[in-house]
Each structure stands twice: as C-alpha cells, then as structure tokens.
Amino acid sequence: MRRALLILLLIVTVWAMARPAAAQQAFTVGPVTASPGAMAAGTIQVAARAGDAGTTIPITVINGASAGPVLALIAGTHGMEYVPIVALQRMRDRIDPKTLKGTIVMVHVANMPSFLGRTIYYSPVDGKNLNRVYPGKADGTISERIAETITREIIGRATHVVDLHCGDGNESLRPYSYWITTGESKVAETGRAMALAFGLDHIIVDKERPTDPAASLYTTNTAITRGKPGLTTETGGMAVVDEASIELVNKGVSGVMKHLGMRADGPAPVAKPVFLERTEVVRAGVTGVFYAAVERGHMVKKGASLGRITDFHGKTIEEIVAPFDGQILYVIGTPPITKGEPVAAMGAPGVK
Ligand SMILES: [Zn+2]
C-alpha cells in the first residue's frame, strides 16, 4: 500500500516537472497577432454604417515570452486627453517582450473621431460621450460601436484593465485615480491593490457605478462587471502634454505590472494614499462664461467661491460655491460653460 502511494507520488512529481512552467501562446487581438516574446501592432476597423464612415482603433500587443496576466491599457477615450496617448507611444518601446510575463494590449486612441475632431467630452459624429455608452451596441452610433468593439476585442480578452484618462481639454486637474468598489469583493480588492500600485496618492472611492454588465456605461466598469479588476486614472489636463504627467502614467503602469507579476522590478505602491470617500462634481446652473476662483489642488471651505458665471455681456449670473470642505480635484480652466456641465470636482477624505 505504502509502495503504491510512493509510486503515485513519483508519477505526479515527474508529470509536474515535465510540464512546461507557463507555456506562452501567440496572442491575437482583431487583426494583430503577436508571437510569444514579440510585439505586433495594427488597427482594428470599426465598419461604416448608415450615418457615419466608421473609424479605426490603433493597438499594440506586447506578448511576453512566458504566460501571465493580460493587461489592457486604454488611452484616448476622450479625444483631448493627450497625456496617456503620448505616454503609451513612448512606453511600447520600453517594454521588453523577452522578459515580460503575460501580455500587454495597448489601445492608443480609443476615440479617433474625438481625437482628430479635437472635441472634449463628446464625439463630433454622434454627440455621445464614449465613457457613458458601454458596453456599446454593434448596430449603434459610432461611439456605441467603438464601445462594443473595445468591450469584445480588448476587455473581453484582458484579465485586468487600466483606463487612462486625464483632465479633458478644458479641465485643470490634480492627479488622482478611481477605485471602483462595485463588483465581487475579490475584483474590488484587486482593483484597490492596482490603485495603490499605480501610485497616485489621491484615490476616489467610487461606490456608485452600475452593477449590470449590460448597462456598465464606463470602460473600467465594463471590465469590473465582467469579473475583471480595473482602474481609472487621471493624470494631466488642459490639452497640455507635459513630462511630469507622462512620467506619472509610465510609473503607474510599471507599478501595476510589478504588482501583477508581469515584471520583476518597478516602483513601490503609494505609501500614504488619501482615500476620498466624499466627492462631488459641481455643475453649472446656467450657460455663460466661467471665471474660476480656485486652482487644482486648492483646499477650500464649504461655501467658499469656486468661481462665477457671467452672461455673454459680462454680468454675473451665478456664483458657484463649495458644497463641503475639501480639495479641488479639477476646475474648468476655459471660459465656455453650458448649464449642467461640470465647473469643478471636489473630494474629501472619509472615515477610512
Ligand atoms: Zn476622460
């Protein structure tokens, strides 16, 4: 009996040792296939339909020599958020597929109509916000078809997702990330660890995202509602491409890769994160010309002026005040303002 057990143990040991540790396969996304230990790039086509000419989604697949997580890095959801777009262009040549464990899938410009059309928030083609139409529709408008394509080809293939934003072309923003707590607790906990690993020291605790995968609305939430941990980051703004913000993206992605075991070295997680449990987007009550009274990062007291809106002749028609004591995460830095649009976002730590 004991001898039979020993033989069985021997067989199991030999089988385990003979098995390749983590055999990597070729990885295909849309028309792009990367062999193990190689990088490949190409373009996903979003076909034309009645009403628009379709669009393209440029991607890079960096396939590591050994198997591991599939990390999707998505830039350009909003077309005037340039820092992550430029950061990914630089980063692709710095990641060595020979030493990479797992696979990186980069979306360089998710929203090409908005990028080339130089629009904030909304697509110039259908007037929709790409980050509000997920998981998209195969027979929908251009933004809905982009979302459907990214849901299927990118999020569907990934194990982890980082949606890289920055302040839009009109938003003066201090860096922060969103930790989305909806979804299974394991997914949420990994998302928290990814936020710490990305390294931005202000983290919004976002408990308000929809839980229905069929109405996920946001890119990261589409991953989370499909059981895949994700993170949304904000670095830079005002259509400025600055080195400091690019480095925040580079360092952040390196930290997430290290955390996921995709690379051996990398920056340490943020040591003293500020979790912002209370946040609010303060919106304009009227349409007109906005004059900010605060700057990004400022600490303000409840009731303090955040700015004012004048009519088009210069008469003040609304004073905007802080809804609570907190920090300015972003403030609109250009004059045009339409009723209902954000003028600023504020955050404050909670009880954590
Ligand atoms: Zn954005």
# chains A, B, ... in the order shown; residues from 1 in each chain; ligands from 1
$ select_by_dssp --residues "range 136-325 of chain A" --states "strand (DSSP E or B)" --output "ChimeraX atom specification"
/A:160-165,171-173,176-180,202-206,217,230-234,274-283,288-292,299-300,305-310,316-321
$ residues_near_ligand --ligand "ligand 1" --cutoff "8 Å" --atoms "only C-alpha atoms and all ligand atoms" --output "ChimeraX atom specification"
/A:76-78,81,121,131,164-168,234
$ closest_residue --among "A:Gly183, A:Pro213, A:Pro336, A:Pro58" --to "Ile85 in chain A" --atoms "only C-alpha atoms"
A:Pro58
$ residues_around --residues "Pro36 in chain A" --least-positions-apart "4" --cutoff "6 Å" --atoms "only C-alpha atoms" --output "PyMOL selection string"
chain A and resi 24-26+63-65
$ write_last_selection --atoms "N, CA and C atoms" --output "PDB file, in the first residue's frame"
ATOM      1  N   GLN A  24       3.741  29.948 -23.218  1.00  0.00           N
ATOM      2  CA  GLN A  24       3.041  31.106 -23.778  1.00  0.00           C
ATOM      3  C   GLN A  24       2.595  30.786 -25.194  1.00  0.00           C
ATOM      4  N   GLN A  25       1.415  31.306 -25.513  1.00  0.00           N
ATOM      5  CA  GLN A  25       0.847  31.116 -26.850  1.00  0.00           C
ATOM      6  C   GLN A  25       0.924  32.440 -27.617  1.00  0.00           C
ATOM      7  N   ALA A  26       0.760  32.361 -28.936  1.00  0.00           N
ATOM      8  CA  ALA A  26       0.567  33.586 -29.716  1.00  0.00           C
ATOM      9  C   ALA A  26      -0.713  34.254 -29.234  1.00  0.00           C
ATOM     10  N   ASN A  63       3.504  40.692 -26.397  1.00  0.00           N
ATOM     11  CA  ASN A  63       3.251  39.356 -25.866  1.00  0.00           C
ATOM     12  C   ASN A  63       4.523  38.830 -25.201  1.00  0.00           C
ATOM     13  N   GLY A  64       4.458  38.619 -23.920  1.00  0.00           N
ATOM     14  CA  GLY A  64       5.628  38.180 -23.172  1.00  0.00           C
ATOM     15  C   GLY A  64       6.065  36.777 -23.561  1.00  0.00           C
ATOM     16  N   ALA A  65       7.333  36.478 -23.250  1.00  0.00           N
ATOM     17  CA  ALA A  65       7.872  35.159 -23.571  1.00  0.00           C
ATOM     18  C   ALA A  65       7.247  34.083 -22.695  1.00  0.00           C
TER      19      ALA A  65
END
$ closest_residue --among "A:Thr225, A:Thr334, A:Thr220, A:Ser35" --to "Ala23 in chain A" --atoms "only C-alpha atoms"
A:Ser35
$ closest_residue --among "A:Gly261, A:Pro229, A:Gly340, A:Gly252" --to "Ala284 in chain A" --atoms "only C-alpha atoms"
A:Gly340
$ select_by_dssp --residues "range 116-202 of chain A" --states "alpha helix (DSSP H)" --output "VMD selection string"
chain A and resid 116 to 117 142 to 149 185 to 198
$ closest_residue --among "A:Asn111, A:Gln45, A:Ser245, A:Ser177" --to "Val86 in chain A" --atoms "only C-alpha atoms"
A:Ser245
$ residues_around --residues "His313 in chain A" --least-positions-apart "4" --cutoff "12 Å" --atoms "only C-alpha atoms" --output "tab-separated table (two decimals) with N, CA and C atoms, in the first residue's frame"
chain	number	residue	atom	x	y	z
A	288	GLY	N	-23.06	80.24	-19.90
A	288	GLY	CA	-22.42	81.55	-19.99
A	288	GLY	C	-20.92	81.45	-20.07
A	289	VAL	N	-20.25	82.38	-19.35
A	289	VAL	CA	-18.79	82.48	-19.37
A	289	VAL	C	-18.29	82.23	-17.95
A	309	ILE	N	-20.19	82.62	-13.00
A	309	ILE	CA	-20.57	82.55	-14.41
A	309	ILE	C	-21.23	83.87	-14.76
A	317	ILE	N	-24.15	86.02	-13.33
A	317	ILE	CA	-25.48	85.43	-13.20
A	317	ILE	C	-25.50	84.21	-12.28
$ atom_distance --atom1 "CA of Arg145 in chain A" --atom2 "CA of Thr103 in chain A"
24.9 Å
$ residues_around --residues "Thr338 in chain A" --least-positions-apart "3" --cutoff "12 Å" --atoms "only C-alpha atoms" --output "MDAnalysis selection string"
chainID A and resid 283:290 309:311 332 334:335 341:343
$ residues_around --residues "Glu148 in chain A" --least-positions-apart "5" --cutoff "7 Å" --atoms "only C-alpha atoms" --output "list of chain:residue names"
A:Pro135, A:Gly136, A:Lys137, A:Ala138
$ atom_distance --atom1 "CA of Gly347 in chain A" --atom2 "CA of Tyr330 in chain A"
9.7 Å
$ closest_atom_pairs --of "range 79-198 of chain A" --to "range 272-278 of chain A" --cutoff "12 Å" --atoms "only C-alpha atoms" --output "JSON lines"
{"residue": "A:Pro175", "atom": "CA", "partner": "A:Val274", "partner_atom": "CA", "distance": 11.9}
{"residue": "A:Tyr176", "atom": "CA", "partner": "A:Val274", "partner_atom": "CA", "distance": 9.6}
{"residue": "A:Ser177", "atom": "CA", "partner": "A:Phe275", "partner_atom": "CA", "distance": 9.8}
{"residue": "A:Tyr178", "atom": "CA", "partner": "A:Leu276", "partner_atom": "CA", "distance": 9.3}
{"residue": "A:Trp179", "atom": "CA", "partner": "A:Phe275", "partner_atom": "CA", "distance": 9.1}
{"residue": "A:Ile180", "atom": "CA", "partner": "A:Glu277", "partner_atom": "CA", "distance": 11.3}
{"residue": "A:Thr181", "atom": "CA", "partner": "A:Glu277", "partner_atom": "CA", "distance": 11.2}
{"residue": "A:Arg192", "atom": "CA", "partner": "A:Phe275", "partner_atom": "CA", "distance": 10.5}
{"residue": "A:Ala193", "atom": "CA", "partner": "A:Pro273", "partner_atom": "CA", "distance": 11.4}
{"residue": "A:Ala195", "atom": "CA", "partner": "A:Pro273", "partner_atom": "CA", "distance": 9.5}
{"residue": "A:Leu196", "atom": "CA", "partner": "A:Pro273", "partner_atom": "CA", "distance": 7.4}
{"residue": "A:Ala197", "atom": "CA", "partner": "A:Pro273", "partner_atom": "CA", "distance": 10.6}
{"residue": "A:Phe198", "atom": "CA", "partner": "A:Pro273", "partner_atom": "CA", "distance": 11.0}
$ atom_distance --atom1 "CA of Val161 in chain A" --atom2 "CA of Asp52 in chain A"
28.8 Å
$ residues_around --residues "Leu71 in chain A" --least-positions-apart "5" --cutoff "7 Å" --atoms "only C-alpha atoms" --output "list in words"
Thr103, Ile104, Val105, Ala158, Thr159, His160 and Val161 of chain A
$ write_last_selection --atoms "C-alpha atoms" --output "short mmCIF file (atom, residue, chain, number, x, y, z; two decimals), in the first residue's frame"
data_model
loop_
_atom_site.label_atom_id
_atom_site.label_comp_id
_atom_site.auth_asym_id
_atom_site.auth_seq_id
_atom_site.Cartn_x
_atom_site.Cartn_y
_atom_site.Cartn_z
CA THR A 103 0.59 40.21 -22.35
CA ILE A 104 0.05 43.96 -22.68
CA VAL A 105 -2.68 45.19 -25.02
CA ALA A 158 -7.98 41.05 -20.86
CA THR A 159 -7.65 39.85 -17.29
CA HIS A 160 -7.00 43.38 -15.94
CA VAL A 161 -7.86 46.82 -17.36
#
